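Below is query27.cif, which holds mmCIF, C-alpha atoms.
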```
data_start
#
loop_
_atom_site.label_atom_id
_atom_site.label_comp_id
_atom_site.auth_asym_id
_atom_site.auth_seq_id
_atom_site.Cartn_x
_atom_site.Cartn_y
_atom_site.Cartn_z
CA MET A 45 99.23 -160.77 25.95
CA ARG A 46 102.39 -159.33 24.39
CA LEU A 47 100.49 -156.14 23.60
CA PHE A 48 99.10 -156.00 27.12
CA PHE A 49 102.51 -156.22 28.74
CA ALA A 50 104.23 -153.91 26.25
CA GLN A 51 101.69 -151.20 27.06
CA PHE A 52 101.54 -152.01 30.79
CA ARG A 53 105.31 -151.73 31.23
CA ARG A 54 105.53 -148.57 29.22
CA ASP A 55 102.76 -146.81 31.12
CA LEU A 56 104.16 -147.78 34.50
CA LEU A 57 107.51 -146.37 33.42
CA VAL A 58 105.98 -143.11 32.21
CA ALA A 59 103.89 -142.79 35.36
CA VAL A 60 106.89 -143.36 37.61
CA ARG A 61 108.82 -140.71 35.63
CA SER A 62 105.96 -138.23 36.15
CA ARG A 63 105.30 -138.98 39.80
CA SER A 64 103.71 -135.65 40.65
CA ASP A 65 100.85 -136.19 38.17
CA ALA A 66 100.16 -139.63 39.57
CA ALA A 67 100.40 -138.46 43.18
CA ASN A 68 97.81 -135.66 42.95
CA PRO A 69 94.63 -137.75 43.17
CA LEU A 70 96.15 -139.84 45.94
CA ALA A 71 97.13 -136.72 47.88
CA PHE A 72 93.57 -135.48 47.46
CA PHE A 73 92.23 -138.73 48.91
CA VAL A 74 94.55 -138.66 51.92
CA LEU A 75 94.07 -134.96 52.69
CA ALA A 76 90.29 -135.09 52.32
CA SER A 77 90.12 -138.17 54.59
CA VAL A 78 92.16 -136.42 57.26
CA LEU A 79 90.07 -133.25 57.08
CA LEU A 80 86.77 -135.12 57.12
CA GLY A 81 88.06 -137.16 60.04
CA LEU A 82 88.51 -133.90 61.91
CA GLY A 83 85.33 -132.25 60.69
CA ALA A 84 82.67 -134.94 60.33
CA GLY A 85 81.21 -137.71 62.41
CA ALA A 86 82.03 -141.40 62.23
CA ALA A 87 78.62 -142.75 61.24
CA LEU A 88 78.98 -142.00 57.52
CA ALA A 89 82.63 -143.01 57.29
CA PRO A 90 82.38 -145.84 54.68
CA GLY A 91 80.20 -143.75 52.41
CA ILE A 92 82.53 -140.76 52.75
CA ILE A 93 85.57 -142.86 51.90
CA TRP A 94 83.80 -144.29 48.88
CA VAL A 95 82.83 -140.83 47.62
CA LEU A 96 86.39 -139.62 48.10
CA ALA A 97 87.75 -142.66 46.25
CA LEU A 98 85.31 -141.95 43.44
CA PHE A 99 86.40 -138.31 43.12
CA ALA A 100 90.06 -139.31 43.28
CA ASN A 101 89.29 -141.72 40.46
CA VAL A 102 87.64 -139.10 38.25
CA LEU A 103 90.58 -136.76 38.86
CA ALA A 104 93.05 -139.43 37.82
CA VAL A 105 91.27 -141.06 34.90
CA GLU A 106 90.36 -137.76 33.30
CA GLY A 107 93.91 -137.33 32.00
CA VAL A 108 94.78 -140.95 31.25
CA PHE A 109 95.01 -140.43 27.46
CA ARG A 110 95.95 -136.74 27.36
CA ARG A 111 99.73 -137.00 27.24
CA ASP A 112 99.60 -139.81 24.67
CA HIS A 113 97.26 -137.80 22.51
CA ASP A 114 99.46 -134.71 22.66
CA ASP A 115 102.71 -136.44 21.80
CA GLY A 116 101.21 -138.66 19.09
CA THR A 117 101.90 -142.00 20.77
CA LEU A 118 98.14 -142.54 20.94
CA GLU A 119 97.79 -142.38 17.16
CA GLN A 120 100.72 -144.79 16.83
CA LEU A 121 98.95 -147.16 19.21
CA LEU A 122 95.72 -146.92 17.21
CA ILE A 123 97.57 -147.60 13.96
CA HIS A 124 99.69 -150.49 15.12
CA ALA A 125 98.04 -152.26 18.05
CA GLN A 126 96.06 -155.09 16.46
CA PRO A 127 93.83 -155.85 18.28
CA LEU A 128 93.45 -152.73 20.39
CA PHE A 129 91.71 -154.47 23.31
CA PRO A 130 94.81 -155.85 25.12
CA ALA A 131 96.71 -152.59 24.65
CA VAL A 132 93.84 -150.58 26.17
CA MET A 133 93.64 -153.10 29.02
CA GLY A 134 97.38 -152.81 29.62
CA LYS A 135 97.16 -149.06 29.68
CA LEU A 136 94.24 -149.00 32.11
CA ALA A 137 95.76 -151.71 34.30
CA ALA A 138 98.92 -149.63 34.70
CA HIS A 139 96.79 -146.58 35.39
CA TRP A 140 94.74 -148.39 38.04
CA ALA A 141 97.83 -149.88 39.69
CA LEU A 142 99.01 -146.34 40.45
CA SER A 143 95.67 -144.67 41.20
CA GLY A 144 92.91 -147.04 42.34
CA LEU A 145 95.11 -149.62 44.03
CA PRO A 146 96.92 -147.15 46.35
CA VAL A 147 93.55 -145.65 47.33
CA ALA A 148 92.24 -149.13 48.19
CA VAL A 149 95.40 -149.94 50.15
CA LEU A 150 95.24 -146.69 52.10
CA SER A 151 91.51 -146.94 52.78
CA PRO A 152 91.81 -148.93 56.06
CA VAL A 153 94.01 -146.15 57.42
CA ALA A 154 91.47 -143.55 56.35
CA ALA A 155 88.66 -145.61 57.90
CA VAL A 156 90.45 -145.91 61.21
CA MET A 157 91.08 -142.16 61.21
CA LEU A 158 87.41 -141.46 60.57
CA THR A 159 85.80 -144.03 62.86
CA GLY A 160 88.36 -144.91 65.48
CA THR A 161 87.53 -148.61 65.10
CA THR A 162 88.83 -151.34 62.84
CA THR A 163 85.45 -153.04 62.33
CA GLY A 164 84.76 -153.67 58.67
CA VAL A 165 87.89 -151.98 57.32
CA TRP A 166 88.98 -155.09 55.44
CA VAL A 167 85.63 -155.34 53.71
CA LEU A 168 85.97 -151.66 52.81
CA MET A 169 89.36 -152.36 51.30
CA LEU A 170 87.99 -155.36 49.41
CA THR A 171 85.09 -153.34 47.99
CA LEU A 172 87.53 -150.69 46.80
CA CYS A 173 89.79 -153.34 45.26
CA ILE A 174 86.80 -154.62 43.26
CA GLY A 175 85.12 -151.27 42.68
CA THR A 176 87.95 -148.94 41.66
CA PRO A 177 89.02 -150.94 38.58
CA ALA A 178 85.39 -150.78 37.42
CA LEU A 179 85.44 -147.01 37.99
CA THR A 180 88.71 -146.68 36.05
CA LEU A 181 87.33 -148.68 33.12
CA LEU A 182 84.09 -146.69 32.99
CA GLY A 183 85.85 -143.36 33.48
CA ALA A 184 88.27 -144.15 30.67
CA ILE A 185 85.33 -144.10 28.23
CA GLY A 186 84.58 -140.49 29.13
CA SER A 187 88.26 -139.64 29.06
CA ALA A 188 88.67 -141.18 25.60
CA LEU A 189 85.64 -139.30 24.27
CA THR A 190 86.94 -135.94 25.43
CA VAL A 191 90.67 -136.35 24.84
CA ALA A 192 90.77 -134.46 21.53
CA THR A 193 88.63 -131.58 22.78
CA GLY A 194 91.31 -130.63 25.31
CA ARG A 195 88.54 -130.02 27.82
CA GLY A 196 88.35 -133.08 30.02
CA GLY A 197 87.83 -132.09 33.62
CA LEU A 198 84.27 -131.47 34.60
CA LEU A 199 82.95 -132.78 31.29
CA VAL A 200 84.35 -136.24 32.01
CA ALA A 201 82.83 -136.13 35.48
CA ILE A 202 79.40 -135.28 34.08
CA LEU A 203 79.66 -137.97 31.41
CA VAL A 204 80.72 -140.83 33.65
CA LEU A 205 79.20 -140.09 37.06
CA PRO A 206 75.88 -141.74 36.15
CA PHE A 207 77.80 -144.94 35.39
CA TYR A 208 79.71 -144.63 38.64
CA VAL A 209 76.54 -144.54 40.71
CA PRO A 210 75.79 -148.30 40.83
CA VAL A 211 79.39 -149.04 41.81
CA LEU A 212 79.20 -146.39 44.53
CA ILE A 213 75.90 -147.69 45.86
CA PHE A 214 77.01 -151.32 46.20
CA GLY A 215 80.48 -150.40 47.43
CA ALA A 216 79.30 -148.00 50.10
CA SER A 217 76.44 -150.28 51.12
CA ALA A 218 78.75 -153.27 51.59
CA SER A 219 81.20 -151.20 53.61
CA THR A 220 78.48 -149.75 55.82
CA ALA A 221 76.95 -153.20 56.39
CA ALA A 222 80.36 -154.59 57.34
CA MET A 223 80.88 -151.83 59.89
CA LEU A 224 77.54 -152.70 61.46
CA GLY A 225 78.35 -156.41 61.38
CA ASP A 226 75.69 -157.28 58.76
CA PRO A 227 76.21 -159.80 55.93
CA VAL A 228 77.83 -158.35 52.81
CA ALA A 229 77.88 -161.21 50.30
CA PHE A 230 75.13 -159.81 48.07
CA GLN A 231 76.72 -156.38 47.65
CA LEU A 232 80.14 -157.92 47.01
CA LEU A 233 78.71 -160.18 44.31
CA ALA A 234 76.89 -157.25 42.71
CA LEU A 235 80.15 -155.26 42.71
CA ALA A 236 82.00 -158.17 41.15
CA ALA A 237 79.31 -158.41 38.47
CA LEU A 238 79.73 -154.71 37.71
CA LEU A 239 83.48 -155.21 37.42
CA ALA A 240 83.03 -158.19 35.09
CA ALA A 241 80.68 -156.18 32.89
CA SER A 242 83.11 -153.24 32.75
CA VAL A 243 86.10 -155.45 31.93
CA THR A 244 84.30 -157.04 29.02
CA ALA A 245 82.60 -153.98 27.56
CA ALA A 246 84.55 -150.86 28.50
CA PRO A 247 87.81 -151.50 26.59
CA PHE A 248 85.85 -151.86 23.35
CA ALA A 249 84.01 -148.62 24.03
CA VAL A 250 87.31 -146.94 24.89
CA GLY A 251 88.90 -148.17 21.67
CA LYS A 252 85.97 -146.92 19.60
CA ALA A 253 85.96 -143.57 21.41
CA LEU A 254 89.70 -143.15 20.84
CA ALA A 255 89.31 -143.90 17.14
CA ILE A 256 86.58 -141.26 16.92
CA SER A 257 88.77 -138.78 18.80
CA GLN A 258 91.36 -138.97 16.04
CA GLU A 259 88.89 -137.79 13.37
CA TYR A 260 89.32 -134.09 12.92
CA MET B 270 96.95 -154.65 -9.20
CA GLU B 271 98.36 -157.19 -6.79
CA HIS B 272 101.63 -155.30 -6.51
CA ASP B 273 99.97 -152.16 -5.21
CA LEU B 274 101.00 -151.39 -1.65
CA LEU B 275 98.47 -148.61 -1.44
CA VAL B 276 95.45 -147.63 -3.51
CA ALA B 277 93.36 -144.53 -2.95
CA GLU B 278 90.22 -144.49 -5.05
CA ASN B 279 88.05 -141.42 -5.54
CA ILE B 280 88.50 -140.25 -1.99
CA ARG B 281 86.90 -137.10 -0.77
CA CYS B 282 87.41 -135.13 2.43
CA THR B 283 85.65 -132.05 3.71
CA VAL B 284 86.17 -129.73 6.64
CA GLY B 285 82.86 -128.11 7.49
CA ASP B 286 81.55 -126.89 4.12
CA ARG B 287 84.94 -126.73 2.47
CA VAL B 288 85.96 -129.58 0.19
CA LEU B 289 89.64 -130.37 0.73
CA PHE B 290 89.82 -132.82 -2.15
CA ASP B 291 87.36 -134.86 -4.15
CA GLU B 292 87.66 -137.74 -6.61
CA LEU B 293 91.31 -138.13 -5.66
CA SER B 294 92.87 -141.36 -6.88
CA PHE B 295 96.42 -142.62 -6.89
CA SER B 296 98.37 -145.70 -6.00
CA ALA B 297 101.84 -146.70 -4.87
CA ARG B 298 103.76 -149.81 -5.84
CA ALA B 299 107.02 -151.29 -4.64
CA GLY B 300 109.80 -148.78 -5.22
CA ASP B 301 107.48 -145.79 -5.62
CA LEU B 302 107.79 -142.43 -3.93
CA VAL B 303 104.58 -140.42 -4.07
CA GLU B 304 104.93 -136.78 -3.18
CA ILE B 305 101.94 -134.82 -1.85
CA ARG B 306 102.17 -131.08 -2.46
CA GLY B 307 99.92 -128.15 -1.80
CA PRO B 308 99.70 -124.92 0.19
CA ASN B 309 99.07 -124.83 3.95
CA GLY B 310 95.57 -125.96 4.80
CA SER B 311 95.06 -127.77 1.51
CA GLY B 312 94.55 -131.11 3.27
CA LYS B 313 97.91 -132.85 2.96
CA SER B 314 97.94 -134.07 6.55
CA THR B 315 94.28 -135.07 6.38
CA LEU B 316 95.02 -137.08 3.25
CA LEU B 317 97.88 -138.87 4.97
CA ARG B 318 95.70 -139.60 8.00
CA CYS B 319 93.14 -141.11 5.62
CA LEU B 320 95.81 -143.28 4.06
CA VAL B 321 96.94 -144.64 7.40
CA GLY B 322 93.41 -145.20 8.71
CA LEU B 323 93.20 -142.53 11.40
CA HIS B 324 90.62 -140.56 9.46
CA GLU B 325 87.66 -141.91 7.56
CA PRO B 326 87.31 -140.25 4.13
CA ASP B 327 83.83 -138.87 3.41
CA ALA B 328 83.69 -140.91 0.24
CA GLY B 329 85.91 -143.33 -1.63
CA ASP B 330 88.14 -146.16 -0.66
CA VAL B 331 91.63 -146.62 0.72
CA ARG B 332 93.13 -150.09 0.31
CA ARG B 333 96.33 -150.81 2.14
CA PRO B 334 97.12 -154.54 2.06
CA VAL B 335 100.44 -154.11 3.89
CA ASP B 336 101.59 -152.58 7.17
CA GLY B 337 102.01 -148.84 7.06
CA LEU B 338 104.36 -146.79 9.16
CA TYR B 339 103.21 -143.26 9.88
CA VAL B 340 105.47 -140.41 10.93
CA GLY B 341 103.07 -137.58 11.53
CA HIS B 342 102.91 -134.02 12.60
CA ARG B 343 102.99 -135.23 16.21
CA SER B 344 106.21 -137.06 16.89
CA GLY B 345 104.82 -140.28 18.39
CA ILE B 346 107.67 -140.07 20.88
CA CYS B 347 106.95 -139.92 24.60
CA GLY B 348 109.01 -137.18 26.22
CA ARG B 349 109.30 -139.03 29.53
CA MET B 350 111.07 -141.99 27.98
CA THR B 351 114.50 -142.35 26.40
CA PRO B 352 114.85 -142.98 22.65
CA ILE B 353 115.60 -146.65 23.35
CA GLU B 354 112.52 -147.07 25.55
CA ASN B 355 110.35 -145.37 22.94
CA LEU B 356 111.53 -147.65 20.16
CA ARG B 357 111.27 -150.71 22.39
CA TRP B 358 107.63 -149.86 23.08
CA LEU B 359 106.95 -149.36 19.39
CA ALA B 360 108.55 -152.69 18.55
CA GLY B 361 106.37 -154.21 21.27
CA ILE B 362 103.08 -152.98 19.82
CA THR B 363 103.98 -153.65 16.19
CA ASP B 364 104.84 -157.06 14.88
CA SER B 365 108.46 -156.01 14.63
CA ASN B 366 110.99 -158.43 16.04
CA ALA B 367 113.56 -155.70 16.59
CA ASP B 368 115.76 -156.45 19.60
CA ASP B 369 117.81 -154.00 21.65
CA GLY B 370 120.79 -154.49 19.36
CA SER B 371 118.95 -153.40 16.24
CA ILE B 372 117.33 -150.51 18.13
CA GLU B 373 120.73 -149.22 19.25
CA GLY B 374 122.02 -149.70 15.72
CA ALA B 375 119.12 -147.63 14.37
CA LEU B 376 119.77 -144.85 16.88
CA GLY B 377 123.43 -144.90 15.89
CA ARG B 378 122.53 -144.53 12.22
CA VAL B 379 120.36 -141.48 12.85
CA GLY B 380 123.17 -139.89 14.87
CA LEU B 381 121.78 -140.29 18.38
CA ASP B 382 124.48 -142.50 19.88
CA ASP B 383 125.23 -140.00 22.66
CA ALA B 384 121.60 -139.18 23.42
CA ARG B 385 120.10 -142.64 23.55
CA HIS B 386 119.84 -142.73 27.34
CA ASP B 387 118.49 -139.18 27.78
CA VAL B 388 114.76 -138.68 28.17
CA CYS B 389 113.32 -137.27 24.95
CA ASP B 390 112.02 -134.11 26.68
CA SER B 391 115.64 -133.03 27.08
CA LEU B 392 116.44 -133.46 23.37
CA SER B 393 116.25 -130.72 20.74
CA ALA B 394 113.45 -130.60 18.15
CA GLY B 395 115.79 -131.94 15.49
CA GLN B 396 116.99 -134.76 17.73
CA GLN B 397 113.40 -135.73 18.53
CA ARG B 398 112.72 -135.78 14.81
CA ARG B 399 115.66 -138.14 14.44
CA VAL B 400 114.12 -140.47 17.03
CA SER B 401 111.01 -140.55 14.82
CA LEU B 402 113.22 -141.36 11.83
CA ALA B 403 114.87 -144.20 13.75
CA ARG B 404 111.41 -145.79 13.76
CA LEU B 405 111.77 -146.15 9.99
CA LEU B 406 114.86 -148.27 10.52
CA VAL B 407 113.39 -150.43 13.27
CA SER B 408 110.11 -151.15 11.50
CA ALA B 409 109.72 -153.68 8.73
CA ALA B 410 106.63 -151.99 7.28
CA PRO B 411 106.76 -151.91 3.45
CA LEU B 412 104.81 -148.65 3.25
CA TRP B 413 105.95 -145.37 4.79
CA ILE B 414 103.59 -142.45 5.19
CA LEU B 415 105.57 -139.36 6.12
CA ASP B 416 104.22 -135.93 6.99
CA GLU B 417 106.85 -133.23 6.47
CA PRO B 418 109.80 -135.50 7.28
CA LEU B 419 112.33 -132.69 6.79
CA THR B 420 110.94 -130.36 9.46
CA ALA B 421 113.51 -129.28 12.05
CA LEU B 422 116.31 -131.28 10.45
CA ASP B 423 119.77 -129.94 9.54
CA ASP B 424 121.52 -130.63 6.20
CA ASP B 425 122.94 -133.86 7.51
CA GLY B 426 119.45 -134.90 8.62
CA ARG B 427 118.06 -134.14 5.15
CA ASP B 428 120.69 -136.38 3.61
CA LEU B 429 119.75 -139.05 6.12
CA VAL B 430 116.09 -138.90 5.03
CA GLY B 431 117.25 -139.14 1.41
CA ASN B 432 119.35 -142.20 2.16
CA LEU B 433 116.59 -143.88 4.14
CA LEU B 434 114.08 -143.33 1.33
CA ALA B 435 116.48 -144.58 -1.33
CA ARG B 436 117.31 -147.73 0.63
CA HIS B 437 113.65 -148.38 1.44
CA ARG B 438 112.68 -148.12 -2.23
CA ALA B 439 115.58 -150.29 -3.32
CA ILE B 440 114.39 -153.16 -1.12
CA GLY B 441 110.85 -152.99 -2.48
CA GLY B 442 109.19 -150.51 -0.15
CA ALA B 443 107.05 -147.54 -1.08
CA ALA B 444 106.63 -144.13 0.51
CA VAL B 445 104.06 -141.37 0.46
CA CYS B 446 105.48 -138.07 1.55
CA ALA B 447 103.86 -134.67 2.15
CA THR B 448 106.35 -131.84 1.98
CA HIS B 449 106.97 -128.22 1.05
CA GLN B 450 110.64 -128.78 0.47
CA THR B 451 112.50 -130.56 -2.28
CA LEU B 452 113.03 -134.11 -1.18
CA PRO B 453 116.72 -135.00 -1.25
CA THR B 454 116.09 -138.08 -3.26
CA ALA B 455 117.46 -140.18 -6.01
CA PRO B 456 115.83 -141.93 -7.85
CA GLU B 457 113.26 -139.37 -8.84
CA VAL B 458 109.86 -138.92 -7.25
CA THR B 459 107.51 -141.37 -8.98
CA ARG B 460 104.48 -139.11 -9.00
CA THR B 461 103.30 -135.91 -7.45
CA VAL B 462 99.79 -135.38 -6.14
CA THR B 463 98.96 -131.69 -5.89
CA LEU B 464 96.16 -130.57 -3.60
CA GLY B 465 94.29 -127.28 -3.44
CA SER B 466 94.71 -126.41 -7.12
#
```
Take the structure in the file and give it back as C-alpha cells.
Amino acid sequence: MRLFFAQFRRDLLVAVRSRSDAANPLAFFVLASVLLGLGAGAALAPGIIWVLALFANVLAVEGVFRRDHDDGTLEQLLIHAQPLFPAVMGKLAAHWALSGLPVAVLSPVAAVMLTGTTTGVWVLMLTLCIGTPALTLLGAIGSALTVATGRGGLLVAILVLPFYVPVLIFGASASTAAMLGDPVAFQLLALAALLAASVTAAPFAVGKALAISQEY
Amino acid sequence: MEHDLLVAENIRCTVGDRVLFDELSFSARAGDLVEIRGPNGSGKSTLLRCLVGLHEPDAGDVRRPVDGLYVGHRSGICGRMTPIENLRWLAGITDSNADDGSIEGALGRVGLDDARHDVCDSLSAGQQRRVSLARLLVSAAPLWILDEPLTALDDDGRDLVGNLLARHRAIGGAAVCATHQTLPTAPEVTRTVTLGS
C-alpha cells in the first residue's frame, strides 16, 4: 500500500503541474459532445457518449508512461518498486482520477445536451465509472508496449481497441437500455466483471511490458 | 564469495550482429570501486543496465544480493517536481526510511539549498545532476552503479563525487562507475574493466 500511495500522490502532483496535458482529452470529450449535440440526433446519444469517452481514454492513456520514460523515473521505478504491481496501480489510479473520472462526472451534462431528457443519465454515469477504469487499465498495456518506440498514438489505438470493444458494447448497451427504461442489471454485472478481470490481470501485463520496453 | 556485493559471470551482450562484450566476468566487494572504460558505443551503459537488472544479458549471470542504486544516463528526476518532491518519491518507492530532514540535509550537501523548492525543469544541467547525486546520500543501498557521474558537473561537483565515493567505500559500500574522465578518488580504483578492446 505504501508503494501505491507514494506513486499515486506523485502522479497526481505531476499531473496537476502539467494541467494542459491532462486537460486535452477532457476538452476533446466536451467539445465533441457539444458539436454532436448540435449535429446529430438524440436516438444514439448513449452510444455516442461512450464512443467519445473511449476515444478520450485512448488519447489520455497513450502518453501515461512517456514522460517517466524520457526522464528516467520509469527505470528507477522498475529497479526499486518491489513488487511493481501496487506502484503500477497507483500510477494508473492517479491517471484515471484525472482522465476517466472527469469524463464520467461530465457525462450526464453531455447526455442532457444530446437528448434533452434526464432519463437514464445516472446509469450512463455509473457505466462510465465502471467502464473507464477498465479502459485505462487495458490501454496502459498498449501504452507500456510502445513507450520506448516513441511512436504511441495510433499504434496504441490499434493495439488496444479490440480489448476495448467488450467494454464499449456492455457500457453502451446498458446506457441505451436505461434511456428506454429497460432493465440494465445484466450489462452492469458484465461491465463489473470486465473491470475485475482488468484490475487483476492488466497491471501484471503492464509491468512485464514496461520491463521489456527497457531492453534496448 | 559471501562478501561479494556484485558478481558478473561470463556475461555477453550483442546489439544486432555486433558483440559488445563476451565472457566478461568481474566482481565487487565492500570497499571496491570498479571502473568501466571504453570508447563511445563500446557498451558501457548496456553493461551497467545489465548489472542493475534493466537489461537481460544474452548469456551469463549477474548476481546482486544487495540493493543497487542506479544513476543513469537519464536523470531519474521529474522536471515537474522540486528536488525535495523527487527525493521524497524515491524514498517512498525504495525501502529507504529517509525523512524530510535527511532529504533537506542531502540537498544541502550537494549544494542545492537555494534551489530545493524550484521545479527541476528550471534548474541547470549541472544542478539537475546534483539532484541525482543527492539520491546517493538519501539511499542506503550498499551498491552504487553510476553512468558518467561527472557529466555536466563543475570542479566543485567533481570533488563532491569524489567525497561521496570515498565515504561510501569507507562504510562498506561498493561502486561500479562508467566514465571517460579520471575519477577524483582516493583510495585508488580497485579494478578497471575495459570494453571494446
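Between Phe52 in chain A and the residues B:Gly361, B:Ile280, B:Gly395, B:Asn366, the shortest atom-to-atom distance, using all atoms listed in the file, involves B:Gly361.
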Pairwise distance for CA of Gly81 in chain A and CA of Ala154 in chain A, rounded to one decimal in Å:
8.1 Å
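Among the candidates A:Ala87, A:Leu205, A:Leu118, A:Val191, the residue lying nearest to chain B is A:Leu118 (atoms considered: all atoms listed in the file).
Ranking B:Leu402, B:Val445, B:Leu316, B:Val284 by their shortest atom-to-atom distance to chain A, with all atoms listed in the file included, puts B:Val284 first.
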Given the PyMOL selection byres ((chain A) within 6 of (chain B)) and the file above, list the residues it selects as a PyMOL selection string.
chain A and resi 47+50+58+115-117+124-125+259
Tell me which residues the PyMOL selection byres ((chain A and resi 67) around 12) grabs here, as a PyMOL selection string.
chain A and resi 59-66+68-75+100-101+103-104+139+142-144+146-147
Translate the PyMOL selection byres ((chain B and resi 411) around 12) into a concrete residue list for this structure, as a ChimeraX atom specification.
/B:272-275,297-301,333-339,405-410,412-414,434,436-445
Between CA of Arg332 in chain B and CA of Leu429 in chain B, measure the distance and give it in Å to one decimal.
29.4 Å
Fewer than 4 positions away in the same chain doesn't count, so skip those; otherwise give me all residues within 12 Å of Leu233 in chain A, counting all atoms listed in the file, as an MDAnalysis selection string.
chainID A and resid 170:171 174:175 211 214:215 218 227:229 237:240
Counting only C-alpha atoms, what is within 12 Å of Gly107 in chain A, bar same-chain residues fewer than 4 positions away, as number ranges by chain?
A: 59, 65-66, 68-69, 101-103, 111-114, 136, 139, 143, 180, 183-192, 194-201
Please, could you write that set of residues out with C-alpha atoms as an mmCIF file, keeping the file's coordinate frame?
```cif
data_model
loop_
_atom_site.group_PDB
_atom_site.id
_atom_site.type_symbol
_atom_site.label_atom_id
_atom_site.label_comp_id
_atom_site.auth_asym_id
_atom_site.auth_seq_id
_atom_site.Cartn_x
_atom_site.Cartn_y
_atom_site.Cartn_z
ATOM 1 C CA ALA A 59 103.890 -142.790 35.360
ATOM 2 C CA ASP A 65 100.850 -136.190 38.170
ATOM 3 C CA ALA A 66 100.160 -139.630 39.570
ATOM 4 C CA ASN A 68 97.810 -135.660 42.950
ATOM 5 C CA PRO A 69 94.630 -137.750 43.170
ATOM 6 C CA ASN A 101 89.290 -141.720 40.460
ATOM 7 C CA VAL A 102 87.640 -139.100 38.250
ATOM 8 C CA LEU A 103 90.580 -136.760 38.860
ATOM 9 C CA ARG A 111 99.730 -137.000 27.240
ATOM 10 C CA ASP A 112 99.600 -139.810 24.670
ATOM 11 C CA HIS A 113 97.260 -137.800 22.510
ATOM 12 C CA ASP A 114 99.460 -134.710 22.660
ATOM 13 C CA LEU A 136 94.240 -149.000 32.110
ATOM 14 C CA HIS A 139 96.790 -146.580 35.390
ATOM 15 C CA SER A 143 95.670 -144.670 41.200
ATOM 16 C CA THR A 180 88.710 -146.680 36.050
ATOM 17 C CA GLY A 183 85.850 -143.360 33.480
ATOM 18 C CA ALA A 184 88.270 -144.150 30.670
ATOM 19 C CA ILE A 185 85.330 -144.100 28.230
ATOM 20 C CA GLY A 186 84.580 -140.490 29.130
ATOM 21 C CA SER A 187 88.260 -139.640 29.060
ATOM 22 C CA ALA A 188 88.670 -141.180 25.600
ATOM 23 C CA LEU A 189 85.640 -139.300 24.270
ATOM 24 C CA THR A 190 86.940 -135.940 25.430
ATOM 25 C CA VAL A 191 90.670 -136.350 24.840
ATOM 26 C CA ALA A 192 90.770 -134.460 21.530
ATOM 27 C CA GLY A 194 91.310 -130.630 25.310
ATOM 28 C CA ARG A 195 88.540 -130.020 27.820
ATOM 29 C CA GLY A 196 88.350 -133.080 30.020
ATOM 30 C CA GLY A 197 87.830 -132.090 33.620
ATOM 31 C CA LEU A 198 84.270 -131.470 34.600
ATOM 32 C CA LEU A 199 82.950 -132.780 31.290
ATOM 33 C CA VAL A 200 84.350 -136.240 32.010
ATOM 34 C CA ALA A 201 82.830 -136.130 35.480
#
```
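What separates CA of Asp226 in chain A from CA of Val95 in chain A is a distance of 21.1 Å.
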Between A:Ala84, A:Ala221, A:Leu128, A:Leu182, smallest distance to Leu168 in chain A by all atoms listed in the file belongs to A:Ala221
Enclose range 437-449 of chain B, meaning all of its atoms listed in the file, in a box aligned along x, y and z, pad it by 3 Å on each side, and list the centre and edge lengths in Å to one decimal, as JSON.
```
{"center_x": 109.7, "center_y": -140.7, "center_z": -0.6, "size_x": 17.7, "size_y": 30.9, "size_z": 11.5}
```
Could you please give me, as a ChimeraX atom specification, the residues of protein, DNA or RNA lying at most 8 Å from (81.0, -149.4, 54.1) in the coordinate frame of the file, considering all atoms listed in the file?
/A:89-91,94,164,167-168,215-223
Residues of range 288-405 of chain B that approach range 448-460 of chain B to 9 Å or less, counting all atoms listed in the file: could you list each one with the shortest pair of atoms and its distance in Å to one decimal, rows by chain and increasing residue number, as a tab-separated table?
```
residue	atom	partner	partner_atom	distance
B:Ala297	CA	B:Thr459	CA	8.8
B:Gly300	CA	B:Thr459	CA	8.6
B:Asp301	CA	B:Thr459	CA	5.6
B:Leu302	CA	B:Thr459	CA	5.2
B:Val303	CA	B:Arg460	CA	5.1
B:Glu304	CA	B:Arg460	CA	6.3
B:Ile305	CA	B:Thr448	CA	6.6
B:Arg306	CA	B:Thr448	CA	6.1
B:Gly307	CA	B:His449	CA	7.6
B:Pro308	CA	B:His449	CA	8.0
B:Lys313	CA	B:Thr448	CA	8.6
```
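For the residues B:Leu433, B:Ile353, B:Ala328, B:Leu419, ranking by smallest atom-to-atom distance to Arg378 in chain B using only C-alpha atoms places B:Leu433 first.
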List the residues sitting within 12 Å of (90.8, -158.5, 22.2) in the file's frame, using all atoms listed in the file, as an MDAnalysis selection string.
chainID A and resid 45:48 125:134 243:248 251
